[in-house]
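Visitor: This is data35.cif (mmCIF, C-alpha atoms).
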```cif
data_structure
loop_
_atom_site.label_atom_id
_atom_site.label_comp_id
_atom_site.auth_asym_id
_atom_site.auth_seq_id
_atom_site.Cartn_x
_atom_site.Cartn_y
_atom_site.Cartn_z
CA MET A 65 70.39 84.19 -166.71
CA ALA A 66 67.99 82.40 -169.00
CA ASP A 67 66.79 78.92 -168.11
CA PRO A 68 68.43 76.41 -170.55
CA VAL A 69 65.11 74.58 -170.87
CA SER A 70 63.43 77.76 -172.08
CA LEU A 71 66.04 78.09 -174.82
CA ILE A 72 65.09 74.74 -176.39
CA ASN A 73 63.02 75.04 -179.54
CA TRP A 74 60.29 72.54 -178.64
CA SER A 75 58.51 73.18 -181.93
CA LEU A 76 61.13 70.98 -183.58
CA LEU A 77 59.34 67.99 -182.03
CA ALA A 78 56.05 68.83 -183.72
CA LEU A 79 54.47 65.96 -185.63
CA GLU A 80 54.11 67.99 -188.81
CA PRO A 81 56.94 69.64 -190.81
CA PRO A 82 59.03 71.56 -190.10
CA GLY A 83 58.89 69.55 -186.87
CA TRP A 84 60.61 66.16 -186.71
CA GLY A 85 58.28 64.43 -184.25
CA GLY A 86 56.51 62.42 -186.92
CA VAL A 87 59.84 61.27 -188.35
CA LEU A 88 60.99 60.11 -184.91
CA LEU A 89 57.78 58.17 -184.37
CA ARG A 90 58.10 56.47 -187.76
CA GLY A 91 61.67 55.56 -186.86
CA LEU A 92 60.42 54.12 -183.57
CA MET A 93 57.81 52.03 -185.39
CA ASN A 94 60.50 50.73 -187.75
CA SER A 95 62.62 49.80 -184.74
CA ILE A 96 59.69 47.97 -183.14
CA GLU A 97 58.94 46.10 -186.39
CA ILE A 98 62.52 44.88 -186.67
CA ALA A 99 62.70 44.01 -182.96
CA ILE A 100 59.48 41.94 -183.10
CA GLY A 101 60.45 40.19 -186.34
CA GLY A 102 64.03 39.56 -185.26
CA TYR A 103 62.96 38.35 -181.83
CA ALA A 104 60.39 35.94 -183.30
CA PHE A 105 62.91 34.62 -185.83
CA GLY A 106 65.51 34.27 -183.08
CA LEU A 107 63.00 32.40 -180.93
CA LEU A 108 62.43 29.88 -183.71
CA LEU A 109 66.17 29.47 -184.16
CA GLY A 110 66.58 29.15 -180.41
CA ILE A 111 63.98 26.40 -180.10
CA GLY A 112 65.64 24.47 -182.91
CA GLY A 113 69.11 25.12 -181.50
CA ALA A 114 68.16 24.04 -177.97
CA CYS A 115 66.51 20.86 -179.22
CA GLY A 116 69.51 20.17 -181.42
CA LYS A 117 71.93 20.58 -178.54
CA LEU A 118 69.88 18.44 -176.17
CA TYR A 119 68.42 15.75 -178.41
CA GLY A 120 70.38 15.88 -181.68
CA GLY A 121 73.15 13.60 -182.84
CA PRO A 122 76.86 14.38 -182.50
CA ILE A 123 77.02 16.34 -185.77
CA THR A 124 73.93 18.41 -184.93
CA ARG A 125 75.22 19.17 -181.46
CA ASP A 126 78.60 20.23 -182.85
CA LEU A 127 76.97 22.49 -185.44
CA MET A 128 74.77 24.14 -182.81
CA GLU A 129 77.78 24.57 -180.53
CA CYS A 130 79.73 26.28 -183.33
CA TYR A 131 76.77 28.55 -184.09
CA THR A 132 76.24 29.71 -180.52
CA THR A 133 79.95 30.06 -179.78
CA ILE A 134 80.77 32.11 -182.89
CA VAL A 135 77.78 34.44 -182.61
CA ARG A 136 78.33 35.09 -178.91
CA ALA A 137 82.07 35.61 -179.40
CA VAL A 138 81.94 38.15 -182.24
CA PRO A 139 80.75 41.72 -181.42
CA GLU A 140 77.21 42.30 -182.59
CA LEU A 141 78.13 45.29 -184.74
CA VAL A 142 80.66 43.18 -186.65
CA LEU A 143 78.09 40.40 -187.07
CA ILE A 144 75.52 42.83 -188.39
CA LEU A 145 77.94 44.18 -190.97
CA LEU A 146 79.01 40.67 -192.02
CA LEU A 147 75.50 39.27 -192.23
CA TYR A 148 74.06 42.32 -193.93
CA TYR A 149 76.66 42.74 -196.66
CA ALA A 150 78.16 39.27 -196.98
CA GLY A 151 74.75 37.62 -196.63
CA THR A 152 73.27 39.76 -199.39
CA ASP A 153 76.23 39.08 -201.68
CA ALA A 154 76.09 35.34 -200.98
CA LEU A 155 72.37 35.19 -201.75
CA ASN A 156 72.79 37.05 -205.03
CA SER A 157 75.72 34.81 -205.96
CA VAL A 158 73.61 31.70 -205.40
CA LEU A 159 70.76 33.20 -207.40
CA GLY A 160 73.22 34.06 -210.17
CA LEU A 161 74.39 30.44 -210.34
CA MET A 162 70.76 29.39 -210.67
CA GLY A 163 70.25 31.79 -213.55
CA ILE A 164 68.15 34.19 -211.52
CA GLY A 165 68.88 37.89 -211.51
CA GLU A 166 70.00 39.79 -208.44
CA VAL A 167 67.38 40.75 -205.90
CA ASP A 168 67.23 43.93 -203.89
CA ILE A 169 66.63 42.79 -200.33
CA SER A 170 64.61 45.30 -198.32
CA GLY A 171 66.17 46.82 -195.24
CA LEU A 172 63.33 45.50 -193.10
CA VAL A 173 63.86 41.88 -194.15
CA ALA A 174 67.63 42.16 -193.84
CA GLY A 175 67.32 43.77 -190.41
CA ILE A 176 64.97 41.07 -189.15
CA PHE A 177 67.31 38.35 -190.43
CA VAL A 178 70.40 39.92 -188.87
CA ILE A 179 68.80 40.55 -185.48
CA GLY A 180 67.21 37.09 -185.57
CA VAL A 181 70.51 35.29 -186.15
CA VAL A 182 72.13 37.15 -183.27
CA GLN A 183 69.15 36.58 -180.98
CA GLY A 184 68.94 32.90 -181.94
CA ALA A 185 72.32 32.07 -180.42
CA TYR A 186 71.45 33.58 -177.05
CA THR A 187 67.93 32.17 -177.13
CA THR A 188 69.37 28.70 -177.71
CA GLU A 189 71.28 28.85 -174.44
CA VAL A 190 68.38 30.36 -172.50
CA LEU A 191 65.98 27.64 -173.67
CA ARG A 192 68.54 24.86 -173.22
CA GLY A 193 69.02 25.85 -169.59
CA ALA A 194 65.26 26.18 -169.06
CA ILE A 195 64.55 22.74 -170.55
CA LYS A 196 67.22 21.16 -168.36
CA ALA A 197 65.57 22.79 -165.33
CA VAL A 198 62.30 20.88 -165.93
CA PRO A 199 62.03 18.07 -163.35
CA ALA A 200 62.89 14.76 -165.01
CA GLY A 201 59.91 13.09 -163.35
CA GLN A 202 57.45 15.09 -165.45
CA ILE A 203 59.05 13.95 -168.69
CA GLU A 204 59.31 10.35 -167.51
CA ALA A 205 55.63 10.38 -166.56
CA ALA A 206 54.66 11.66 -170.01
CA ARG A 207 56.70 8.89 -171.65
CA ALA A 208 55.11 6.33 -169.35
CA TYR A 209 51.70 7.42 -170.67
CA GLY A 210 52.90 6.56 -174.16
CA MET A 211 53.30 10.09 -175.50
CA SER A 212 55.42 10.49 -178.61
CA PRO A 213 58.59 12.60 -178.34
CA THR A 214 56.83 15.42 -180.20
CA LYS A 215 53.88 15.43 -177.78
CA VAL A 216 56.22 15.26 -174.81
CA MET A 217 58.01 18.35 -176.13
CA THR A 218 54.89 20.39 -177.02
CA ARG A 219 52.61 19.36 -174.14
CA VAL A 220 55.00 18.84 -171.25
CA THR A 221 58.53 20.15 -171.77
CA LEU A 222 57.83 23.52 -173.40
CA PRO A 223 54.99 24.57 -171.06
CA ALA A 224 56.95 23.40 -167.99
CA MET A 225 60.15 25.20 -168.97
CA LEU A 226 58.40 28.52 -169.72
CA PRO A 227 58.61 29.91 -166.15
CA TYR A 228 62.35 29.21 -166.15
CA ALA A 229 62.84 30.77 -169.58
CA ILE A 230 60.80 33.98 -169.30
CA PRO A 231 63.38 36.03 -167.32
CA GLY A 232 66.08 35.32 -169.89
CA LEU A 233 63.75 35.75 -172.86
CA SER A 234 62.49 39.06 -171.51
CA ASN A 235 66.05 40.33 -171.26
CA LEU A 236 66.68 39.23 -174.85
CA TRP A 237 63.61 41.15 -176.01
CA LEU A 238 64.91 44.33 -174.41
CA ILE A 239 68.32 43.70 -175.98
CA ALA A 240 66.61 43.25 -179.37
CA THR A 241 64.97 46.66 -179.08
CA LYS A 242 68.38 48.22 -178.45
CA ASP A 243 70.19 46.21 -181.12
CA THR A 244 68.01 47.80 -183.77
CA ALA A 245 70.06 50.96 -183.23
CA LEU A 246 73.09 49.14 -184.66
CA LEU A 247 71.32 48.91 -188.02
CA ALA A 248 71.91 52.65 -188.41
CA VAL A 249 75.41 51.78 -189.66
CA VAL A 250 73.89 50.07 -192.73
CA GLY A 251 71.53 52.96 -193.43
CA PHE A 252 68.24 51.54 -192.18
CA SER A 253 65.86 54.28 -191.07
CA GLU A 254 65.26 53.22 -187.50
CA LEU A 255 65.00 55.54 -184.52
CA THR A 256 68.71 56.14 -183.99
CA LEU A 257 69.42 57.01 -187.62
CA VAL A 258 66.51 59.43 -188.00
CA THR A 259 67.50 61.02 -184.68
CA ARG A 260 70.99 61.65 -186.03
CA GLN A 261 69.51 63.09 -189.20
CA ALA A 262 67.18 65.39 -187.27
CA ALA A 263 69.92 66.51 -184.90
CA GLY A 264 72.36 67.10 -187.76
CA SER A 265 69.84 69.15 -189.75
CA THR A 266 68.78 71.37 -186.87
CA LYS A 267 71.94 71.28 -184.72
CA SER A 268 69.66 70.56 -181.73
CA TYR A 269 71.58 67.47 -180.63
CA LEU A 270 70.56 67.56 -176.98
CA LEU A 271 66.86 67.90 -177.79
CA PHE A 272 66.67 65.06 -180.27
CA PHE A 273 68.88 62.57 -178.48
CA CYS A 274 66.97 63.18 -175.25
CA ALA A 275 63.73 62.64 -177.19
CA ALA A 276 65.09 59.39 -178.62
CA GLY A 277 66.16 58.27 -175.15
CA ALA A 278 62.68 59.02 -173.85
CA LEU A 279 61.12 56.92 -176.64
CA TYR A 280 63.43 53.98 -175.90
CA LEU A 281 62.59 54.33 -172.19
CA MET A 282 58.87 54.37 -172.97
CA LEU A 283 59.27 51.19 -175.05
CA THR A 284 61.13 49.52 -172.18
CA LEU A 285 58.51 50.49 -169.60
CA VAL A 286 55.64 49.21 -171.77
CA SER A 287 57.59 46.00 -172.42
CA ASP A 288 58.15 45.52 -168.67
CA VAL A 289 54.42 45.73 -168.00
CA ILE A 290 53.60 43.19 -170.73
CA ILE A 291 56.41 40.87 -169.58
CA LYS A 292 55.15 40.90 -166.00
CA ILE A 293 51.65 39.98 -167.17
CA ILE A 294 53.02 37.10 -169.27
CA GLU A 295 55.25 35.90 -166.45
CA ARG A 296 52.41 36.00 -163.93
CA ARG A 297 50.20 33.90 -166.21
CA ALA A 298 53.01 31.45 -167.02
CA ARG A 299 53.78 30.88 -163.33
CA ARG A 300 50.21 30.03 -162.30
CA GLY A 301 50.40 26.84 -160.28
CA PHE A 302 54.19 26.85 -160.50
CA VAL A 303 55.91 25.73 -157.31
CA GLU A 304 59.47 26.84 -156.66
CA GLN A 305 61.91 23.98 -156.15
CA SER A 306 63.73 24.15 -152.82
#
```
Will you turn the file into structure tokens for me?
Guide:
Amino acid sequence: MADPVSLINWSLLALEPPGWGGVLLRGLMNSIEIAIGGYAFGLLLGIGGACGKLYGGPITRDLMECYTTIVRAVPELVLILLLYYAGTDALNSVLGLMGIGEVDISGLVAGIFVIGVVQGAYTTEVLRGAIKAVPAGQIEAARAYGMSPTKVMTRVTLPAMLPYAIPGLSNLWLIATKDTALLAVVGFSELTLVTRQAAGSTKSYLLFFCAAGALYLMLTLVSDVIIKIIERRARRGFVEQS
């Protein structure tokens, strides 16, 4: 009986046509681009959301609470469809009212925005918890030295909360790399979509989906190494609270 592995046409993974290896790698790079952009955008939203929840007025806190509650309550696939289609229509409607013609938003920009909005809600809660974990004495000492609220935030609070935030932020990064696969439903050529196209064209479903899984695993392993380096540097001189 023939070995099933020997029956796989490995030439289909070649980098040059008729192989699909190059297409898979380009899909992986698109996924990484969206993950990095969406994660960075979500981090900015999270910083603003956490500060709004902790230091904002009643209206700001209520708005941030609505944002985080709604985004975390609605399934991510539904959010992606709503933000992608409804967001594009809303933008073009606003531009139409301003007398500006419709714009064709690129899939990359739309993907980054969608992933960023989803990531921002979770990042807000991660950073809010990390900021609250900073010993109050450090902040009081900074204020006693006459630091402005902005300097207290940038020079004391943010650096001190980083060791508490990194575990949660690292998980969100890994989630961002997987959430890019959901953009396949809106036709963006990331890794999952091109894998489906390759598998459908060649009927080698097992080969291509295993290859895609291996690429996602490789991305996760590389990310874990980088995260551990960042966490080790962030925790230098950090003393665990008993």
Visitor: Would you pick out the contacts of Ala174 (chain A) at 12 Å or less, using all atoms listed in the file, so that residues sharing its chain but fewer than 5 positions from it are not included, and give the list as a PyMOL selection string?
Guide: chain A and resi 98+101-102+105+144-152+155+168-169+179-181+244+247+250-252
Visitor: What's around Ile230 (chain A) at 10 Å? Count only C-alpha atoms, leave out sequence neighbours fewer than 5 positions away in its own chain, and write the answer as a list in words.
Guide: Val190, Leu191, Ala194, Met225, Asn235, Leu236, Ile291, Lys292, Ile294, Glu295, Ala298 and Arg299 of chain A
Visitor: Kindly indicate which residue among A:Leu108, A:Ala206, A:Ile195, A:Met162 lies nearest to Arg219 (chain A), using all atoms listed in the file for the distances.
Guide: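 Residue with the minimum atom-to-atom distance to Arg219 (chain A): A:Ala206.
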Visitor: Give me, as an mmCIF file with C-alpha atoms, in the frame of the given file, all polymer residues having an atom no more than 8 Å from Ala185 (chain A), counting only C-alpha atoms and skipping those fewer than 5 positions away in the same chain.
Guide:
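Output contents, as saved in out_11.cif:
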```cif
data_model
loop_
_atom_site.group_PDB
_atom_site.id
_atom_site.type_symbol
_atom_site.label_atom_id
_atom_site.label_comp_id
_atom_site.auth_asym_id
_atom_site.auth_seq_id
_atom_site.Cartn_x
_atom_site.Cartn_y
_atom_site.Cartn_z
ATOM 1 C CA GLY A 106 65.510 34.270 -183.080
ATOM 2 C CA LEU A 109 66.170 29.470 -184.160
ATOM 3 C CA GLY A 110 66.580 29.150 -180.410
ATOM 4 C CA GLY A 113 69.110 25.120 -181.500
ATOM 5 C CA TYR A 131 76.770 28.550 -184.090
ATOM 6 C CA THR A 132 76.240 29.710 -180.520
ATOM 7 C CA THR A 133 79.950 30.060 -179.780
ATOM 8 C CA VAL A 135 77.780 34.440 -182.610
ATOM 9 C CA ARG A 136 78.330 35.090 -178.910
#
```
Visitor: Just give me the gap between CA of Asn94 (chain A) and CA of Gln183 (chain A) in Å, one decimal is fine.
Guide: 17.9 Å
Visitor: Taking the file as I've supplied it (selection: the PyMOL selection byres ((chain A and resi 202) around 12)), which residues are included? Please answer as a list in words.
Guide: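 Selected by the PyMOL selection byres ((chain A and resi 202) around 12) here: Ile195, Lys196, Ala197, Val198, Pro199, Ala200, Gly201, Ile203, Glu204, Ala205, Ala206, Arg207, Ala208, Tyr209, Met211, Val216, Met217, Arg219, Val220, Thr221, Leu222, Pro223, Ala224 and Met225 of chain A.
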Visitor: Need the shell around Thr259 (chain A): protein/DNA/RNA residues with any atom at most 8 Å away, counting only C-alpha atoms. Skip same-chain ones fewer than 5 positions apart. Format as a ChimeraX atom specification?
Guide: /A:88,272-273,276
Visitor: On this structure, which residues satisfy the PyMOL selection byres ((chain A and resi 77) around 10), written as a PDB file with C-alpha atoms, keeping the file's coordinate frame?
Guide:
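So the final result, stored in expr_32.pdb, reads:
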```pdb
ATOM      1  CA  ASN A  73      63.020  75.040-179.540  1.00  0.00           C
ATOM      2  CA  TRP A  74      60.290  72.540-178.640  1.00  0.00           C
ATOM      3  CA  SER A  75      58.510  73.180-181.930  1.00  0.00           C
ATOM      4  CA  LEU A  76      61.130  70.980-183.580  1.00  0.00           C
ATOM      5  CA  ALA A  78      56.050  68.830-183.720  1.00  0.00           C
ATOM      6  CA  LEU A  79      54.470  65.960-185.630  1.00  0.00           C
ATOM      7  CA  GLU A  80      54.110  67.990-188.810  1.00  0.00           C
ATOM      8  CA  PRO A  81      56.940  69.640-190.810  1.00  0.00           C
ATOM      9  CA  PRO A  82      59.030  71.560-190.100  1.00  0.00           C
ATOM     10  CA  GLY A  83      58.890  69.550-186.870  1.00  0.00           C
ATOM     11  CA  TRP A  84      60.610  66.160-186.710  1.00  0.00           C
ATOM     12  CA  GLY A  85      58.280  64.430-184.250  1.00  0.00           C
ATOM     13  CA  GLY A  86      56.510  62.420-186.920  1.00  0.00           C
ATOM     14  CA  VAL A  87      59.840  61.270-188.350  1.00  0.00           C
ATOM     15  CA  LEU A  88      60.990  60.110-184.910  1.00  0.00           C
ATOM     16  CA  ALA A 262      67.180  65.390-187.270  1.00  0.00           C
ATOM     17  CA  LEU A 271      66.860  67.900-177.790  1.00  0.00           C
ATOM     18  CA  PHE A 272      66.670  65.060-180.270  1.00  0.00           C
ATOM     19  CA  ALA A 275      63.730  62.640-177.190  1.00  0.00           C
TER      20      ALA A 275
END
```
Visitor: Could you tell me how far CA of Ala137 (chain A) lies from CA of Thr188 (chain A), in Å and to one decimal?
Guide: 14.6 Å
Visitor: In Å, rounded to a single decimal, give me how far CA of Ser212 (chain A) is from CA of Gly121 (chain A).
Guide: 18.5 Å
Visitor: Can you work out which one of A:Pro231, A:Ala245, A:Pro122, A:Leu159 has the shortest atom-to-atom distance to Leu257 (chain A), counting only C-alpha atoms?
Guide: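 Among A:Pro231, A:Ala245, A:Pro122, A:Leu159, it is A:Ala245 that comes nearest to Leu257 (chain A).
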Visitor: I'd like to know which of A:Ile100, A:Leu107, A:Ile293, A:Leu270 is closest to Lys242 (chain A), using only C-alpha atoms.
Guide: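 Looking only at the distances to Lys242 (chain A), the closest residue turns out to be A:Ile100.
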Visitor: I need the residue nearest Ala99 (chain A) from this list: A:Leu279, A:Ile111, A:Ala240, A:Val173. Use all atoms listed in the file for the distance.
Guide: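 Going through A:Leu279, A:Ile111, A:Ala240, A:Val173 one by one, the smallest distance to Ala99 (chain A) is for A:Ala240.
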Visitor: I'd like to know which of A:Tyr103, A:Met128, A:Ser268, A:Arg90 is closest to Phe177 (chain A), using only C-alpha atoms.
Guide: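 Closest to Phe177 (chain A), using only C-alpha atoms: A:Tyr103.
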Visitor: Considering only C-alpha atoms, state which residue in the set A:Leu226, A:Cys274, A:Ala248, A:Leu143 is at the smallest distance from Arg296 (chain A).
Guide: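 The answer is A:Leu226, which sits nearest to Arg296 (chain A).
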